[in-house]
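As structure tokens, the structure follows; a few thoughts come after it.
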Amino acid sequence: MTPITEVEGRRLSLSNLDKVLYPATGTTKGEVLHYYAATVAGAILPHLRDRPVSFLRYPDGPGGQLFFTKNPPPGTPDWVHTTPVPRSEDQAARQVMVQDLASLMWAANLVVEFHTPQWRADAPETADRMVFDLDPGSPATVVQCCAVALWLRERLAADGLFAYGKTSGSKGLHLLVPLEPTPSAEVSAYAKRLAVEAESALPELALHRMKRALRPGKVFVDFSQNSASKTTATPYTLRARTEPTVSAPATWDEIEGCRNPEDLVFRADGMAARLERYGDLLGPLLDPDRARPLPAGPA
């Protein structure tokens with residue numbers, strides 16, 4: 001029988017709690033739900049709130065079928081908030097917003113990665129943050145991503161911008177920058193300029209083009225996720241990897257001191273201790289006083 005629980009006055013059916021989702025660690029679906037409810041709810045919800053959410057679903061674990069969805073899943077309760085979103089192919093499209101613990105647990109029960117855009121639902125295509133997705137091409141690893149991240153931090157600081165790092169939860173690193181509201185197209189153009197500069201300054205290390213033949217041994221500075229149509233893994237989401245790795249904030253000391261890829265692998269079972277020690281390292285993204293205007297410059 002499917003257990004029924006009540007979360008903030010909402011009745012939820014939580015299914016298959018003993019199902020092993022991560023065979024490498026034996027992590028069950030029940031443990032995944034506990035991670036979201038008891039460990040990171042207070043940290044992840046502010047980063048989800050008021051943003052349309054896209055889901056990468058993996059109901060049978062990372063080794064099963066994976067599929068990406070932006071539309072509200074069939075059976076979405078009527079109390080789960082949805083919002084209209086601009087899509088060229090469907091002007092009437094809507095997406096889920098995870099606004100509270102009940103909707104977080106409903107979504108987590110579907111077994112998903114959470115992905116969000118750089119804009120809020122009340123201001124579509126107007127970014128309040130910028131992202132650089134640093135993606136290593138083998139044999140490069142997150143160690144090389146850290147070197148690029150440190151260069152980008154200094155370059156952004158020269159323009160008066162603050163950068164904060166988190167792991168992708170996969171192979172790479174994300175840099176996030178709080179901004180005063182700015183059209184996504186302008187943010188994309190600025191991020192591309194910096195990616196090109198990074199390649200010029202670090203020609204043996206950084207790359208601003210996705211061309212596969214150029215990727216081995218280098219770090220692709222992916223600026224494209226600043227497009228209004230793109231999303232990035234939400235801070236604290238679990239990833240559909242072999243182990244329950246987290247897209248987790250990292251300190252600049254950790255990034256600067258990274259010498260081995262394992263140094264920046266954070267798993268679900270370690271997040272409670274990190275949050276107790278550091279709090280939300282990405283909290284400044286939510287602080288209007290940390291937001292800065294995008295520098296003027298050529299598109």
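Order determines the names: the first chain of the structure tokens is A, the second B, and so forth; residues in each chain are numbered 1 upward, and ligands are numbered 1 upward as they are shown.
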Within 10 Å of region 240-255 of chain A, which residues of region 49-160 of chain A come that close, and what is the closest atom pair and distance in Å for each? Count only C-alpha atoms and give it as a Markdown table.
| residue | atom | partner | partner_atom | distance |
| --- | --- | --- | --- | --- |
| A:Leu56 | CA | A:Ala240 | CA | 8.3 |
| A:Arg57 | CA | A:Ala240 | CA | 8.5 |
| A:Tyr58 | CA | A:Ala240 | CA | 6.8 |
| A:Pro59 | CA | A:Ala240 | CA | 9.9 |
| A:Gly61 | CA | A:Ala240 | CA | 7.0 |
| A:Pro62 | CA | A:Ala240 | CA | 4.8 |
| A:Gly63 | CA | A:Thr242 | CA | 7.8 |
| A:Gly64 | CA | A:Ala240 | CA | 9.8 |
| A:Leu66 | CA | A:Ala240 | CA | 8.4 |
| A:Val111 | CA | A:Ala240 | CA | 9.3 |
| A:Val112 | CA | A:Ala240 | CA | 8.1 |
| A:Glu113 | CA | A:Ala240 | CA | 7.0 |
| A:Val142 | CA | A:Ile255 | CA | 9.3 |
| A:Val143 | CA | A:Ile255 | CA | 8.3 |
| A:Cys145 | CA | A:Ile255 | CA | 9.0 |
| A:Cys146 | CA | A:Ile255 | CA | 5.6 |
| A:Ala147 | CA | A:Ile255 | CA | 8.3 |
| A:Ala149 | CA | A:Ile255 | CA | 8.1 |
| A:Leu150 | CA | A:Ile255 | CA | 7.9 |
| A:Arg153 | CA | A:Trp252 | CA | 9.6 |
Any chance you could list, as an MDAnalysis selection string, the residues in region 18-171 of chain A that come up strand (DSSP E) when DSSP is run on the backbone? chainID A and resid 20:22 27:28 52:57 67:69 82:84 94:97 112:116 126:136 164:167
Residues from the last selection, N, CA and C atoms, saved as a CSV table (one decimal), in the first residue's frame:
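Ended up saving to selection-v6.csv:
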chain,number,residue,atom,x,y,z
A,20,VAL,N,15.8,0.9,-4.5
A,20,VAL,CA,17.1,1.4,-4.6
A,20,VAL,C,17.3,2.3,-5.8
A,21,LEU,N,17.6,3.5,-5.7
A,21,LEU,CA,17.8,4.4,-6.8
A,21,LEU,C,19.2,4.5,-7.3
A,22,TYR,N,20.1,4.4,-6.3
A,22,TYR,CA,21.6,4.5,-6.5
A,22,TYR,C,22.2,3.2,-6.1
A,27,THR,N,21.5,3.7,-2.0
A,27,THR,CA,20.6,4.8,-1.6
A,27,THR,C,19.2,4.5,-2.1
A,28,THR,N,18.2,4.5,-1.2
A,28,THR,CA,16.8,4.3,-1.6
A,28,THR,C,16.1,5.6,-1.9
A,52,PRO,N,10.2,29.1,-12.9
A,52,PRO,CA,9.6,27.9,-13.5
A,52,PRO,C,10.7,26.7,-13.5
A,53,VAL,N,10.2,25.6,-13.1
A,53,VAL,CA,11.1,24.4,-12.9
A,53,VAL,C,11.0,23.4,-14.1
A,54,SER,N,12.1,23.0,-14.6
A,54,SER,CA,12.2,21.9,-15.5
A,54,SER,C,12.7,20.7,-14.8
A,55,PHE,N,12.2,19.5,-15.1
A,55,PHE,CA,12.6,18.3,-14.5
A,55,PHE,C,13.4,17.3,-15.4
A,56,LEU,N,14.5,16.8,-14.9
A,56,LEU,CA,15.1,15.6,-15.5
A,56,LEU,C,14.6,14.5,-14.7
A,57,ARG,N,13.8,13.6,-15.2
A,57,ARG,CA,13.2,12.5,-14.4
A,57,ARG,C,14.0,11.2,-14.6
A,67,PHE,N,14.4,11.3,-18.8
A,67,PHE,CA,13.7,12.1,-19.8
A,67,PHE,C,13.5,13.5,-19.2
A,68,PHE,N,13.6,14.5,-20.0
A,68,PHE,CA,13.5,15.9,-19.6
A,68,PHE,C,12.1,16.4,-19.9
A,69,THR,N,11.5,17.1,-19.0
A,69,THR,CA,10.2,17.6,-19.2
A,69,THR,C,10.1,19.0,-18.6
A,82,THR,N,1.6,26.7,-10.9
A,82,THR,CA,2.2,26.7,-12.3
A,82,THR,C,2.2,28.1,-12.8
A,83,THR,N,3.0,28.4,-13.8
A,83,THR,CA,3.1,29.7,-14.3
A,83,THR,C,3.2,29.7,-15.8
A,84,PRO,N,2.7,30.7,-16.5
A,84,PRO,CA,2.9,30.7,-17.9
A,84,PRO,C,4.3,31.1,-18.3
A,94,ARG,N,2.8,26.2,-19.8
A,94,ARG,CA,2.9,26.5,-18.4
A,94,ARG,C,4.0,25.6,-17.8
A,95,GLN,N,4.6,26.0,-16.7
A,95,GLN,CA,5.5,25.1,-16.0
A,95,GLN,C,5.3,25.2,-14.5
A,96,VAL,N,5.7,24.1,-13.8
A,96,VAL,CA,5.6,24.1,-12.4
A,96,VAL,C,6.5,25.1,-11.7
A,97,MET,N,6.0,25.6,-10.5
A,97,MET,CA,6.9,26.3,-9.6
A,97,MET,C,6.8,25.6,-8.3
A,112,VAL,N,13.5,13.3,-9.6
A,112,VAL,CA,13.8,14.3,-10.6
A,112,VAL,C,15.1,15.0,-10.2
A,113,GLU,N,15.8,15.6,-11.2
A,113,GLU,CA,16.7,16.7,-11.0
A,113,GLU,C,15.9,18.0,-11.2
A,114,PHE,N,16.2,19.0,-10.4
A,114,PHE,CA,15.6,20.3,-10.5
A,114,PHE,C,16.5,21.2,-11.4
A,115,HIS,N,15.9,21.8,-12.4
A,115,HIS,CA,16.6,22.8,-13.2
A,115,HIS,C,15.8,24.1,-13.3
A,116,THR,N,16.5,25.2,-13.2
A,116,THR,CA,15.8,26.5,-13.2
A,116,THR,C,16.5,27.5,-14.2
A,126,THR,N,14.2,38.3,-18.2
A,126,THR,CA,15.0,39.3,-17.5
A,126,THR,C,15.8,38.6,-16.4
A,127,ALA,N,17.1,38.5,-16.6
A,127,ALA,CA,17.9,37.7,-15.7
A,127,ALA,C,18.2,38.5,-14.4
A,128,ASP,N,18.2,37.8,-13.3
A,128,ASP,CA,18.8,38.3,-12.0
A,128,ASP,C,20.0,37.6,-11.6
A,129,ARG,N,20.5,36.8,-12.4
A,129,ARG,CA,21.8,36.1,-12.2
A,129,ARG,C,22.4,35.7,-13.5
A,130,MET,N,23.7,35.5,-13.5
A,130,MET,CA,24.4,35.0,-14.7
A,130,MET,C,25.1,33.7,-14.3
A,131,VAL,N,25.3,32.8,-15.3
A,131,VAL,CA,25.9,31.6,-15.0
A,131,VAL,C,27.0,31.2,-16.1
A,132,PHE,N,28.1,30.7,-15.6
A,132,PHE,CA,29.1,30.1,-16.5
A,132,PHE,C,29.2,28.6,-16.1
A,133,ASP,N,28.9,27.7,-17.1
A,133,ASP,CA,29.0,26.3,-16.9
A,133,ASP,C,30.4,25.8,-17.4
A,134,LEU,N,31.3,25.5,-16.5
A,134,LEU,CA,32.6,25.1,-16.9
A,134,LEU,C,32.6,23.5,-17.0
A,135,ASP,N,32.8,23.1,-18.3
A,135,ASP,CA,32.6,21.7,-18.6
A,135,ASP,C,34.0,21.1,-19.1
A,136,PRO,N,34.6,20.2,-18.4
A,136,PRO,CA,35.9,19.7,-18.8
A,136,PRO,C,35.8,18.6,-19.9
A,164,TYR,N,30.2,33.3,-7.4
A,164,TYR,CA,30.1,32.2,-6.4
A,164,TYR,C,30.1,30.9,-7.1
A,165,GLY,N,30.7,29.9,-6.5
A,165,GLY,CA,30.9,28.6,-7.2
A,165,GLY,C,30.1,27.5,-6.6
A,166,LYS,N,29.7,26.6,-7.5
A,166,LYS,CA,29.1,25.3,-7.0
A,166,LYS,C,29.5,24.2,-8.0
A,167,THR,N,29.5,23.0,-7.5
A,167,THR,CA,29.8,21.9,-8.4
A,167,THR,C,28.6,21.7,-9.3
Within 8 Å of Ala206 (chain A), counting only C-alpha atoms, which residues show up once you throw out same-chain ones fewer than 6 positions away? Write them as a ChimeraX atom specification, please. /A:148,198-199,218-221
Please return as an mmCIF file with C-alpha atoms, in the first residue's frame: the residues of region 66-249 of chain A that backbone DSSP assigns to alpha helix (DSSP H).
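Final output, saved to out11.cif:
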data_model
loop_
_atom_site.group_PDB
_atom_site.id
_atom_site.type_symbol
_atom_site.label_atom_id
_atom_site.label_comp_id
_atom_site.auth_asym_id
_atom_site.auth_seq_id
_atom_site.Cartn_x
_atom_site.Cartn_y
_atom_site.Cartn_z
ATOM 1 C CA LEU A 101 7.839 22.081 1.160
ATOM 2 C CA ALA A 102 4.706 20.231 0.012
ATOM 3 C CA SER A 103 5.411 20.883 -3.674
ATOM 4 C CA LEU A 104 9.097 20.074 -3.150
ATOM 5 C CA MET A 105 8.176 16.666 -1.744
ATOM 6 C CA TRP A 106 5.579 16.045 -4.467
ATOM 7 C CA ALA A 107 8.240 16.730 -7.112
ATOM 8 C CA ALA A 108 10.954 14.736 -5.313
ATOM 9 C CA ASN A 109 8.596 11.741 -5.210
ATOM 10 C CA VAL A 142 37.185 19.749 -12.395
ATOM 11 C CA VAL A 143 40.754 20.615 -11.347
ATOM 12 C CA GLN A 144 41.203 22.476 -14.629
ATOM 13 C CA CYS A 145 37.716 23.970 -14.232
ATOM 14 C CA CYS A 146 38.883 25.495 -10.962
ATOM 15 C CA ALA A 147 41.787 27.243 -12.680
ATOM 16 C CA VAL A 148 39.387 28.761 -15.203
ATOM 17 C CA ALA A 149 36.953 29.685 -12.423
ATOM 18 C CA LEU A 150 39.652 31.593 -10.573
ATOM 19 C CA TRP A 151 40.479 33.583 -13.711
ATOM 20 C CA LEU A 152 36.790 34.353 -14.284
ATOM 21 C CA ARG A 153 36.335 35.436 -10.660
ATOM 22 C CA GLU A 154 39.083 38.038 -11.039
ATOM 23 C CA ARG A 155 37.799 39.176 -14.430
ATOM 24 C CA LEU A 156 34.275 39.572 -13.082
ATOM 25 C CA ALA A 157 35.590 41.430 -10.040
ATOM 26 C CA ALA A 158 37.294 43.895 -12.376
ATOM 27 C CA SER A 184 18.747 37.798 -20.866
ATOM 28 C CA ALA A 185 20.081 38.640 -24.336
ATOM 29 C CA GLU A 186 22.407 41.267 -22.856
ATOM 30 C CA VAL A 187 23.613 38.862 -20.176
ATOM 31 C CA SER A 188 24.301 36.220 -22.819
ATOM 32 C CA ALA A 189 26.300 38.688 -24.912
ATOM 33 C CA TYR A 190 28.410 39.756 -21.921
ATOM 34 C CA ALA A 191 29.003 36.151 -20.819
ATOM 35 C CA LYS A 192 30.116 35.250 -24.335
ATOM 36 C CA ARG A 193 32.592 38.155 -24.311
ATOM 37 C CA LEU A 194 34.134 36.858 -21.117
ATOM 38 C CA ALA A 195 34.270 33.295 -22.458
ATOM 39 C CA VAL A 196 36.160 34.571 -25.502
ATOM 40 C CA GLU A 197 38.499 36.542 -23.226
ATOM 41 C CA ALA A 198 39.094 33.439 -21.113
ATOM 42 C CA GLU A 199 40.127 31.479 -24.194
ATOM 43 C CA SER A 200 42.493 34.284 -25.219
ATOM 44 C CA ALA A 201 44.021 34.566 -21.741
#
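The two atoms in question, CA of Ser170 (chain A) and CA of Asp280 (chain A), are spaced 20.0 Å apart.
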